[in-house]
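model-v8.cif, holding mmCIF, C-alpha atoms:
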data_query
loop_
_atom_site.label_atom_id
_atom_site.label_comp_id
_atom_site.auth_asym_id
_atom_site.auth_seq_id
_atom_site.Cartn_x
_atom_site.Cartn_y
_atom_site.Cartn_z
CA MET I 143 0.00 0.00 0.00
CA SER I 144 1.46 3.34 -0.97
CA LYS I 145 1.83 6.20 1.48
CA ARG I 146 -0.58 8.38 -0.44
CA LEU I 147 -3.41 5.96 0.31
CA LEU I 148 -2.81 6.08 4.07
CA SER I 149 -4.28 8.78 6.25
CA PRO I 150 -1.79 11.06 8.07
CA ALA I 151 -2.53 9.35 11.39
CA ASN I 152 -1.62 5.93 9.95
CA ARG I 153 1.69 7.13 8.50
CA HIS I 154 3.06 7.94 11.96
CA GLN I 155 1.93 4.74 13.68
CA PRO I 156 4.72 3.27 15.81
CA ALA I 157 6.20 0.17 14.22
CA GLY I 158 6.80 -1.54 17.56
CA LEU I 159 3.16 -1.24 18.57
CA THR I 160 2.04 -2.65 15.24
CA LEU I 161 4.41 -5.56 15.67
CA ALA I 162 3.09 -6.22 19.18
CA LEU I 163 -0.51 -6.24 18.03
CA LEU I 164 0.25 -8.56 15.13
CA LEU I 165 2.18 -10.88 17.43
CA GLY I 166 -0.72 -10.90 19.87
CA LEU I 167 -3.20 -11.74 17.12
CA TYR I 168 -0.96 -14.53 15.85
CA LEU I 169 -0.48 -16.04 19.29
CA SER I 170 -4.15 -15.72 20.24
CA GLY I 171 -5.10 -17.44 16.98
CA ASN I 172 -2.85 -20.34 17.87
CA ALA I 173 -4.25 -20.52 21.40
CA SER I 174 -7.86 -20.55 20.25
CA ALA I 175 -7.17 -23.29 17.71
CA ASP I 176 -6.54 -25.79 20.51
CA ASP I 177 -9.82 -26.16 22.42
CA ALA I 178 -8.32 -28.86 24.65
CA THR I 179 -6.23 -26.18 26.41
CA PRO I 180 -7.82 -25.22 29.72
CA GLU I 181 -9.06 -21.67 30.07
CA HIS I 182 -6.63 -21.00 32.92
CA ALA I 183 -3.65 -21.77 30.67
CA ARG I 184 -4.99 -19.54 27.87
CA LEU I 185 -5.49 -16.65 30.29
CA ALA I 186 -1.99 -17.14 31.69
CA ALA I 187 -0.70 -16.95 28.12
CA ALA I 188 -2.67 -13.73 27.66
CA LEU I 189 -0.92 -12.28 30.72
CA ARG I 190 2.46 -13.14 29.20
CA GLN I 191 1.42 -11.44 25.96
CA LEU I 192 0.41 -8.35 27.94
CA ASP I 193 3.90 -8.35 29.49
CA SER I 194 5.41 -8.38 25.99
CA ILE I 195 3.18 -5.55 24.83
CA GLU I 196 4.04 -3.49 27.92
CA ARG I 197 7.76 -3.93 27.22
CA LEU I 198 7.23 -2.69 23.66
CA VAL I 199 5.22 0.27 24.94
CA ALA I 200 8.01 1.12 27.39
CA GLN I 201 10.50 1.07 24.51
CA GLN I 202 8.29 3.42 22.49
CA VAL I 203 7.96 5.81 25.44
CA ALA I 204 11.75 6.00 25.64
CA GLN I 205 11.92 7.15 22.00
CA PRO I 206 11.75 10.92 21.38
CA PRO I 207 8.40 11.97 19.86
CA ASP I 208 8.29 13.10 16.24
CA ALA I 209 8.25 16.89 16.45
CA ARG I 210 6.61 17.16 13.00
CA ALA I 211 3.66 14.92 13.87
CA ARG I 212 0.34 16.59 14.45
CA TYR I 213 -0.84 13.87 16.85
CA HIS I 214 1.03 11.61 19.26
CA PHE I 215 0.02 8.26 20.70
CA ASP I 216 -0.96 8.49 24.39
CA TYR I 217 1.14 5.69 25.86
CA SER I 218 0.20 6.47 29.47
CA ARG I 219 -3.46 5.90 28.63
CA LEU I 220 -2.63 2.64 26.88
CA ALA I 221 -0.57 1.50 29.89
CA ALA I 222 -3.52 2.24 32.20
CA ASP I 223 -5.85 0.18 30.00
CA LEU I 224 -3.37 -2.69 29.81
CA GLU I 225 -3.09 -2.70 33.60
CA ARG I 226 -6.89 -2.74 33.90
CA VAL I 227 -7.11 -5.73 31.55
CA ARG I 228 -4.32 -7.48 33.49
CA GLY I 229 -6.15 -6.85 36.76
CA GLY I 230 -9.36 -8.28 35.34
CA ILE I 231 -7.62 -11.46 34.20
CA ARG I 232 -5.85 -11.84 37.56
CA ASP I 233 -9.12 -11.31 39.43
CA TYR I 234 -10.73 -14.01 37.34
CA LEU I 235 -7.86 -16.45 37.82
CA THR I 236 -7.73 -15.88 41.59
CA PRO I 237 -11.18 -14.60 42.57
CA SER I 238 -11.69 -13.08 46.00
CA ARG I 239 -15.45 -13.50 45.68
CA ALA I 240 -17.92 -15.30 43.44
CA GLN I 241 -19.25 -12.32 41.45
CA PRO I 242 -17.22 -10.26 38.97
CA ARG I 243 -16.15 -6.81 40.00
CA ASP I 244 -17.10 -3.42 38.59
CA PRO I 245 -17.05 -3.64 34.76
CA ALA I 246 -15.58 -0.16 34.22
CA GLU I 247 -14.90 0.90 30.67
CA LEU I 248 -11.44 1.24 29.19
CA LEU I 249 -10.19 4.76 28.56
CA GLY I 250 -9.60 4.42 24.82
CA GLY I 251 -8.93 7.49 22.63
CA TYR I 252 -5.16 7.14 22.41
CA ARG I 253 -4.61 9.88 19.83
CA GLN I 254 -3.88 13.29 21.28
CA PRO I 255 -2.80 16.57 19.65
CA ALA I 256 0.89 17.39 19.75
CA ALA I 257 0.12 20.54 21.78
CA ALA I 258 -1.33 18.41 24.58
CA LEU I 259 1.86 16.32 24.71
CA ASP I 260 3.96 19.50 25.01
CA ALA I 261 1.74 20.69 27.86
CA GLN I 262 2.21 17.40 29.75
CA GLU I 263 6.00 17.55 29.44
CA ALA I 264 6.24 21.17 30.63
CA PRO I 265 6.74 21.50 34.43
#

So that I can check it, write out the structure of this file as structure tokens.
Amino acid sequence: MSKRLLSPANRHQPAGLTLALLLGLYLSGNASADDATPEHARLAAALRQLDSIERLVAQQVAQPPDARARYHFDYSRLAADLERVRGGIRDYLTPSRAQPRDPAELLGGYRQPAAALDAQEAP
């Protein structure tokens, strides 16, 4: 696909994050293909995949942002959502009570204007 067919937001997508998502889809496809695997083992594998994604996110945070980009990816928001998903899986695997906890929504909306990023970095 040529660059002229991609929207401006897609041209600046971090390569590491794309790789992590593709890896997660590949691994989840392999896990779902084997129905004999107990649910506990599949959820434990999901936790390991979340660890991998979080490492990739940490690497992206360490990279300097593209000063020419109009929007930047909000990695802190993504990290909060990943931690919420991790907590939900852990609560399911080791429940403290019979009923599920508060089903709060994920934050979402990871695209933020470059001006907002500059405002966060300023003391």

Starting from the displayed file, determine the output of the PyMOL selection byres ((chain I and resi 203) around 12) and express the residue list as a PyMOL selection string. chain I and resi 156+158-159+196-202+204-208+214-221

Generate a file of the selected residues that holds C-alpha atoms, formatted as a CSV table (one decimal), in the coordinates of the input.
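File part.csv, as written:
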chain,number,residue,atom,x,y,z
I,156,PRO,CA,4.7,3.3,15.8
I,158,GLY,CA,6.8,-1.5,17.6
I,159,LEU,CA,3.2,-1.2,18.6
I,196,GLU,CA,4.0,-3.5,27.9
I,197,ARG,CA,7.8,-3.9,27.2
I,198,LEU,CA,7.2,-2.7,23.7
I,199,VAL,CA,5.2,0.3,24.9
I,200,ALA,CA,8.0,1.1,27.4
I,201,GLN,CA,10.5,1.1,24.5
I,202,GLN,CA,8.3,3.4,22.5
I,204,ALA,CA,11.8,6.0,25.6
I,205,GLN,CA,11.9,7.2,22.0
I,206,PRO,CA,11.8,10.9,21.4
I,207,PRO,CA,8.4,12.0,19.9
I,208,ASP,CA,8.3,13.1,16.2
I,214,HIS,CA,1.0,11.6,19.3
I,215,PHE,CA,0.0,8.3,20.7
I,216,ASP,CA,-1.0,8.5,24.4
I,217,TYR,CA,1.1,5.7,25.9
I,218,SER,CA,0.2,6.5,29.5
I,219,ARG,CA,-3.5,5.9,28.6
I,220,LEU,CA,-2.6,2.6,26.9
I,221,ALA,CA,-0.6,1.5,29.9

Work out how far CA of Ala183 in chain I is from CA of Leu249 in chain I, in Å to one decimal.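 CA of Ala183 in chain I lies at a distance of 27.4 Å from CA of Leu249 in chain I.
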
Proximity to Arg190 in chain I - best of I:Gly250, I:Pro245, I:Gly166, I:Gly230, all atoms listed in the file: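 Closest residue, counting all atoms listed in the file: I:Gly166.
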
Close residues, Ile231 in chain I itself excluded, 9 Å, all atoms listed in the file, min 6 positions apart in chain, as a PyMOL selection string: chain I and resi 185-186+188-189

Give the padded box for range 234-239 of chain I as JSON: axis-aligned, covering all atoms listed in the file, 8 Å on each side, centre and edge lengths in Å to one decimal.
{"center_x": -11.6, "center_y": -14.8, "center_z": 41.7, "size_x": 23.7, "size_y": 19.4, "size_z": 24.7}

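Counting from CA of Leu248 in chain I, the distance to CA of Pro180 in chain I is 26.7 Å.
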
What is the distance, in Å and to one decimal place, between CA of Leu224 in chain I and CA of Leu192 in chain I?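 Computing it gives 7.1 Å between the two atoms.
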
Best match for closeness to Gln254 in chain I among I:Ala187, I:Glu181, I:Arg232, I:Ala211, counting all atoms listed in the file: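 Counting all atoms listed in the file, the residue closest to Gln254 in chain I is I:Ala211.
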
N, CA, C and O atoms are what I want for range 196-212 of chain I; can you complete it accordingly and write them as a PDB file, in the coordinates of the input?
ATOM      1  N   GLU I 196       3.606  -4.561  27.023  1.00  0.00           N
ATOM      2  CA  GLU I 196       4.040  -3.490  27.920  1.00  0.00           C
ATOM      3  C   GLU I 196       5.526  -3.176  27.744  1.00  0.00           C
ATOM      4  O   GLU I 196       5.927  -2.020  27.832  1.00  0.00           O
ATOM      5  N   ARG I 197       6.336  -4.196  27.480  1.00  0.00           N
ATOM      6  CA  ARG I 197       7.760  -3.930  27.220  1.00  0.00           C
ATOM      7  C   ARG I 197       7.932  -3.117  25.936  1.00  0.00           C
ATOM      8  O   ARG I 197       8.740  -2.194  25.874  1.00  0.00           O
ATOM      9  N   LEU I 198       7.149  -3.446  24.905  1.00  0.00           N
ATOM     10  CA  LEU I 198       7.230  -2.690  23.660  1.00  0.00           C
ATOM     11  C   LEU I 198       6.755  -1.248  23.854  1.00  0.00           C
ATOM     12  O   LEU I 198       7.329  -0.307  23.299  1.00  0.00           O
ATOM     13  N   VAL I 199       5.708  -1.070  24.654  1.00  0.00           N
ATOM     14  CA  VAL I 199       5.220   0.270  24.940  1.00  0.00           C
ATOM     15  C   VAL I 199       6.276   1.063  25.690  1.00  0.00           C
ATOM     16  O   VAL I 199       6.516   2.240  25.388  1.00  0.00           O
ATOM     17  N   ALA I 200       6.946   0.424  26.643  1.00  0.00           N
ATOM     18  CA  ALA I 200       8.010   1.120  27.390  1.00  0.00           C
ATOM     19  C   ALA I 200       9.138   1.536  26.463  1.00  0.00           C
ATOM     20  O   ALA I 200       9.708   2.630  26.620  1.00  0.00           O
ATOM     21  N   GLN I 201       9.469   0.707  25.480  1.00  0.00           N
ATOM     22  CA  GLN I 201      10.500   1.070  24.510  1.00  0.00           C
ATOM     23  C   GLN I 201      10.056   2.269  23.673  1.00  0.00           C
ATOM     24  O   GLN I 201      10.857   3.160  23.379  1.00  0.00           O
ATOM     25  N   GLN I 202       8.798   2.300  23.285  1.00  0.00           N
ATOM     26  CA  GLN I 202       8.290   3.420  22.490  1.00  0.00           C
ATOM     27  C   GLN I 202       8.280   4.714  23.294  1.00  0.00           C
ATOM     28  O   GLN I 202       8.544   5.781  22.764  1.00  0.00           O
ATOM     29  N   VAL I 203       7.974   4.621  24.585  1.00  0.00           N
ATOM     30  CA  VAL I 203       7.960   5.810  25.440  1.00  0.00           C
ATOM     31  C   VAL I 203       9.363   6.396  25.534  1.00  0.00           C
ATOM     32  O   VAL I 203       9.538   7.612  25.584  1.00  0.00           O
ATOM     33  N   ALA I 204      10.362   5.537  25.526  1.00  0.00           N
ATOM     34  CA  ALA I 204      11.750   6.000  25.640  1.00  0.00           C
ATOM     35  C   ALA I 204      12.219   6.718  24.378  1.00  0.00           C
ATOM     36  O   ALA I 204      13.180   7.481  24.425  1.00  0.00           O
ATOM     37  N   GLN I 205      11.546   6.495  23.250  1.00  0.00           N
ATOM     38  CA  GLN I 205      11.920   7.150  22.000  1.00  0.00           C
ATOM     39  C   GLN I 205      11.439   8.606  22.006  1.00  0.00           C
ATOM     40  O   GLN I 205      10.358   8.895  22.515  1.00  0.00           O
ATOM     41  N   PRO I 206      12.210   9.523  21.447  1.00  0.00           N
ATOM     42  CA  PRO I 206      11.750  10.920  21.380  1.00  0.00           C
ATOM     43  C   PRO I 206      10.575  11.029  20.406  1.00  0.00           C
ATOM     44  O   PRO I 206      10.556  10.374  19.362  1.00  0.00           O
ATOM     45  N   PRO I 207       9.560  11.825  20.750  1.00  0.00           N
ATOM     46  CA  PRO I 207       8.400  11.970  19.860  1.00  0.00           C
ATOM     47  C   PRO I 207       8.778  12.726  18.584  1.00  0.00           C
ATOM     48  O   PRO I 207       9.697  13.550  18.578  1.00  0.00           O
ATOM     49  N   ASP I 208       8.076  12.428  17.521  1.00  0.00           N
ATOM     50  CA  ASP I 208       8.290  13.100  16.240  1.00  0.00           C
ATOM     51  C   ASP I 208       7.753  14.527  16.352  1.00  0.00           C
ATOM     52  O   ASP I 208       6.557  14.734  16.535  1.00  0.00           O
ATOM     53  N   ALA I 209       8.643  15.489  16.268  1.00  0.00           N
ATOM     54  CA  ALA I 209       8.250  16.890  16.450  1.00  0.00           C
ATOM     55  C   ALA I 209       7.345  17.375  15.318  1.00  0.00           C
ATOM     56  O   ALA I 209       6.567  18.308  15.501  1.00  0.00           O
ATOM     57  N   ARG I 210       7.428  16.729  14.143  1.00  0.00           N
ATOM     58  CA  ARG I 210       6.610  17.160  13.000  1.00  0.00           C
ATOM     59  C   ARG I 210       5.202  16.588  13.025  1.00  0.00           C
ATOM     60  O   ARG I 210       4.342  17.051  12.314  1.00  0.00           O
ATOM     61  N   ALA I 211       4.964  15.583  13.855  1.00  0.00           N
ATOM     62  CA  ALA I 211       3.660  14.920  13.870  1.00  0.00           C
ATOM     63  C   ALA I 211       2.604  15.825  14.501  1.00  0.00           C
ATOM     64  O   ALA I 211       2.862  16.515  15.484  1.00  0.00           O
ATOM     65  N   ARG I 212       1.431  15.778  13.929  1.00  0.00           N
ATOM     66  CA  ARG I 212       0.340  16.590  14.450  1.00  0.00           C
ATOM     67  C   ARG I 212      -0.274  15.931  15.696  1.00  0.00           C
ATOM     68  O   ARG I 212      -0.739  16.611  16.600  1.00  0.00           O
TER      69      ARG I 212
END
